[in-house]
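Colleague: Quick one: the structure is below, and I'll ask about it shortly.
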Amino acid sequence: MLRSLLVALLVVAAFPVRAQQPALPARQPAAQPQAKPQTEKPETVAPAPRLTLAEALRIGLENNYGIQLSRQDARIVENNVTRGNAGQLPVVNGNLTRSFTLNNVRQESASRPNPSTASGAQSNRLNANVAATWTIFDGFGMFVAYDRLRAVAQSQQQLTRATAEETVASITEAYFTVVREAGKIQSFEEALRIGQQRIDLTQARADVGVGAKVEVLTARVDYNADRSALIQQQEALKTAKVNLNNLLGRAPALDFLPADSIVVSRELNRETVLAAIRENNPRLQQAKINTQVAAYDRKLVRASRFPQVGLTGGYGFNRNVNGEAFFGTELTTNTGRQLGFNYGVVASVPIFDGFNRNRLAQNARIAEDQSRLQVAQTQLQLDAEAEQAWAQYQNRLQLLQLEEENIQLARQNVAIALERYRLGLLTPLALREAQRSQLDAENRLLDIRFQAKQAEITLRRLSSGLVQEP
């Protein structure tokens, strides 16, 4: 009977005391504490526009500076793929020369004992022509050069695609980092709600004389510690948002709320992923294409050993006005004009160049061997990354299933502990331990879910599954 009376007094006394304590709005019932969905706005975060992952990727592909620079490099390389740049087309130039002279002239001969002199004799010359040269044989080097230009363009395309894949992976990870940090804020808010109820109950017990003041102070210290952790977590969320805005090419201070939650795919197949890496990975494809470029460089050195034959032709006009001519003793002006075609064949045969071609050929063979080693090294690195990501993916999937079950137990444990504490059947230390266990379980679940998604993103990036072919 006495026990029932004390419980009734405890419940009645809790109402006025609870109204005097600081409390967060819209508090959940203590018997069934539930965490919010990851996409719901935390109460401590200001309202902001919602941002989906698809929209973030669209903005990033349009605005990211790394992608834009790589695309510009690809445009330059594509512009270089022309037959004229490879030397297959003739070169035509128009030339014009106009010159003037002013001379002092003195002429004498045996038939003229007295010399003829003139001061300031003026002459001028005009030469205009159109000249064309066309290399018709250079050891087939011009065709090798054209194929090399195309291979370089393909290599740059693979590099641009790799940049896009890596940027999309970075944006996706940064987006889900924001989701994780926002989820942790909600976990701290849930801990604050439980801590507030603990303060209310402890204060009510102290008011009716069945609790000690030290328990109230301890509850407030724990509550303030959780508030401090929440403030630090808000800083982590802000940092994550700034990082994502930077990848999206937006103002760092632009605020937003993530609209998507972390959903981990459980359908990846190891053999399928490894096969896709060997067939589609842009870094590996670029290394293979660079091997072709090195082979073309070696062929160009070999082509330089052959004779080069070209055609030349043109049409010219030449006028010479000579003001230095003497007719007898009289100074006269002599004018001459030439107009017509010229054509011919130009050939050159390399005979000796100080063994430089041998040196270039050796270097080209070494570069070709290096490119093959680069392919093997890239393949090995990709396999190592894939194995690490796959091991993390498999491990995190198992941990994820375990933590999803564990979080339900932790929430039930807190609900029971809070009710037992309300009835005076549990110590404050045990309630705090249950509260911390739930907070740790919430954060652990978010971290493991993020790490599993991170491993999934890595596998998709390595297998070139993040960006579709245009």
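Scheme for the structure tokens: letters A, B, ... for chains in order shown; per-chain residue numbers from 1; ligand numbers from 1 in order shown.
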For Thr135 (chain A), list every protein, DNA or RNA residue within 8 Å, evaluated using only C-alpha atoms, and leave out those in the same chain fewer than 2 positions away; present the list as a VMD selection string.
Modeller: chain A and resid 87 to 90 133 137 to 138 308 to 311
Colleague: Could you list, with a cut-off of 6 Å and counting only C-alpha atoms, the residues of region 389-425 of chain A near region 449-456 of chain A, each shown with its nearest atom pair and the distance in Å rounded to one decimal, rows sorted by chain and ascending number, as CSV?
Modeller:
```
residue,atom,partner,partner_atom,distance
A:Ala389,CA,A:Ala455,CA,5.0
A:Tyr393,CA,A:Ala455,CA,5.2
A:Arg396,CA,A:Ala452,CA,5.1
```
Colleague: Generate the output file for the selected residues, N, CA, C and O atoms, as a PDB file, in the first residue's frame.
Modeller:
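The result, stored in result33.pdb:
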```pdb
ATOM      1  N   ALA A 389      37.993  -4.074 -51.941  1.00  0.00           N
ATOM      2  CA  ALA A 389      36.610  -3.577 -51.903  1.00  0.00           C
ATOM      3  C   ALA A 389      35.620  -4.721 -51.737  1.00  0.00           C
ATOM      4  O   ALA A 389      34.617  -4.590 -51.019  1.00  0.00           O
ATOM      5  N   TYR A 393      33.093  -5.210 -48.785  1.00  0.00           N
ATOM      6  CA  TYR A 393      31.672  -5.303 -49.137  1.00  0.00           C
ATOM      7  C   TYR A 393      31.018  -6.512 -48.467  1.00  0.00           C
ATOM      8  O   TYR A 393      29.952  -6.400 -47.840  1.00  0.00           O
ATOM      9  N   ARG A 396      30.992  -6.005 -44.569  1.00  0.00           N
ATOM     10  CA  ARG A 396      30.025  -5.003 -44.115  1.00  0.00           C
ATOM     11  C   ARG A 396      28.590  -5.478 -44.296  1.00  0.00           C
ATOM     12  O   ARG A 396      27.703  -5.090 -43.514  1.00  0.00           O
TER      13      ARG A 396
END
```
Colleague: Env of Gly66 (chain A): 10 Å cut, atoms = only C-alpha atoms, seq-sep filter 3 positions within chain, self excluded. Answer as a count of residues only.
Modeller: 12
Colleague: Identify which of the residues A:Thr378, A:Thr458, A:Gln122, A:Ser437 lies closest to Ser170 (chain A), counting only C-alpha atoms when measuring atom-to-atom distances.
Modeller: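 When distances to Ser170 (chain A) are compared using only C-alpha atoms, the smallest one comes from A:Thr458.
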Colleague: Counting only C-alpha atoms, what is within 8 Å of Val375 (chain A), bar same-chain residues fewer than 6 positions away, as a PyMOL selection string?
Modeller: chain A and resi 284+287-288
Colleague: Which residue out of A:Thr427, A:Val301, A:Ala236, A:Tyr175 has the minimum interatomic distance to Leu57 (chain A) when only C-alpha atoms are used?
Modeller: A:Tyr175
Colleague: Tell me, which residues of region 34-178 of chain A carry DSSP strand (DSSP E or B), written as JSON, numbers by chain?
Modeller: {"A": [50, 51, 91, 92, 93, 94, 95, 96, 97, 98, 99, 100, 101, 102, 103, 104, 105, 106, 107, 108, 109, 112, 113, 114, 115, 116, 117, 118, 119, 120, 121, 122, 123, 124, 125, 126, 127, 128, 129, 130, 131, 132, 133, 134, 135, 136, 137]}
Colleague: Write the residues of the preceding selection, restricted to C-alpha atoms, as a CSV table (one decimal), in the first residue's frame.
Modeller:
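Saved the output as part.csv:
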```csv
chain,number,residue,atom,x,y,z
A,50,ARG,CA,16.0,19.0,-50.6
A,51,LEU,CA,18.7,17.5,-52.9
A,91,VAL,CA,51.2,22.6,-98.2
A,92,VAL,CA,50.6,25.8,-100.3
A,93,ASN,CA,52.0,29.2,-99.4
A,94,GLY,CA,51.7,32.6,-101.0
A,95,ASN,CA,54.8,34.8,-100.9
A,96,LEU,CA,55.4,38.4,-101.6
A,97,THR,CA,58.6,40.3,-101.5
A,98,ARG,CA,59.0,44.1,-102.2
A,99,SER,CA,62.5,45.6,-101.8
A,100,PHE,CA,64.1,49.0,-102.5
A,101,THR,CA,67.8,50.0,-102.8
A,102,LEU,CA,69.6,53.3,-103.0
A,103,ASN,CA,73.2,53.1,-104.2
A,104,ASN,CA,76.1,55.3,-105.2
A,105,VAL,CA,77.5,53.9,-108.5
A,106,ARG,CA,80.9,54.3,-110.2
A,107,GLN,CA,81.7,52.5,-113.5
A,108,GLU,CA,84.9,52.7,-115.6
A,109,SER,CA,86.4,50.7,-118.4
A,112,ARG,CA,86.1,55.0,-121.2
A,113,PRO,CA,89.0,56.6,-119.4
A,114,ASN,CA,86.7,58.9,-117.5
A,115,PRO,CA,84.6,57.0,-114.9
A,116,SER,CA,80.8,57.3,-114.9
A,117,THR,CA,79.4,58.1,-111.5
A,118,ALA,CA,75.9,58.5,-110.0
A,119,SER,CA,74.7,59.3,-106.5
A,120,GLY,CA,71.4,58.0,-105.1
A,121,ALA,CA,70.6,55.5,-107.9
A,122,GLN,CA,67.3,53.9,-107.0
A,123,SER,CA,66.3,50.3,-107.8
A,124,ASN,CA,63.4,48.2,-106.6
A,125,ARG,CA,62.3,44.6,-106.9
A,126,LEU,CA,58.9,42.9,-106.6
A,127,ASN,CA,58.6,39.1,-106.3
A,128,ALA,CA,55.2,37.4,-105.8
A,129,ASN,CA,54.6,33.6,-106.1
A,130,VAL,CA,52.4,30.7,-105.0
A,131,ALA,CA,54.5,27.7,-104.0
A,132,ALA,CA,53.2,24.2,-103.2
A,133,THR,CA,55.0,21.2,-101.7
A,134,TRP,CA,53.6,17.7,-101.3
A,135,THR,CA,55.4,14.8,-99.7
A,136,ILE,CA,54.3,11.6,-101.6
A,137,PHE,CA,56.5,9.1,-99.9
```
Colleague: Where in region 218-367 of chain A does DSSP assign alpha helix (DSSP H), given as a PyMOL selection string?
Modeller: chain A and resi 218-247+270-280+282-303+356-367
Colleague: So that I can see what lies close to Leu217 (chain A), please list as number ranges by chain the residues with an atom at most 12 Å from it, counting only C-alpha atoms and leaving out residues fewer than 6 positions away in the same chain.
Modeller: A: 198-200, 202-203, 206, 211, 223-224, 428
Colleague: For Val242 (chain A), which residue out of A:Arg58, A:Val178, A:Leu380, A:Lys213 is the nearest one, using only C-alpha atoms?
Modeller: A:Val178
Colleague: Please report the interatomic distance between CA of Asn363 (chain A) and CA of Ala145 (chain A) in Å with one decimal.
Modeller: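 Value for the CA of Asn363 (chain A)-CA of Ala145 (chain A) distance: 17.7 Å.
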Colleague: Using only C-alpha atoms, what table do you get, as JSON lines, when you list each residue of region 255-293 of chain A with an atom no more than 12 Å from region 365-374 of chain A, its nearest pair of atoms, and their distance in Å rounded to one decimal, rows by chain then rising number?
Modeller:
```
{"residue": "A:Arg283", "atom": "CA", "partner": "A:Gln374", "partner_atom": "CA", "distance": 10.6}
{"residue": "A:Leu284", "atom": "CA", "partner": "A:Gln374", "partner_atom": "CA", "distance": 9.1}
{"residue": "A:Gln285", "atom": "CA", "partner": "A:Gln374", "partner_atom": "CA", "distance": 11.3}
{"residue": "A:Gln286", "atom": "CA", "partner": "A:Gln374", "partner_atom": "CA", "distance": 10.2}
{"residue": "A:Ala287", "atom": "CA", "partner": "A:Gln374", "partner_atom": "CA", "distance": 6.5}
{"residue": "A:Lys288", "atom": "CA", "partner": "A:Arg372", "partner_atom": "CA", "distance": 7.7}
{"residue": "A:Ile289", "atom": "CA", "partner": "A:Ser371", "partner_atom": "CA", "distance": 9.1}
{"residue": "A:Asn290", "atom": "CA", "partner": "A:Ser371", "partner_atom": "CA", "distance": 6.4}
{"residue": "A:Thr291", "atom": "CA", "partner": "A:Ser371", "partner_atom": "CA", "distance": 5.0}
{"residue": "A:Gln292", "atom": "CA", "partner": "A:Glu368", "partner_atom": "CA", "distance": 8.3}
{"residue": "A:Val293", "atom": "CA", "partner": "A:Glu368", "partner_atom": "CA", "distance": 8.4}
```
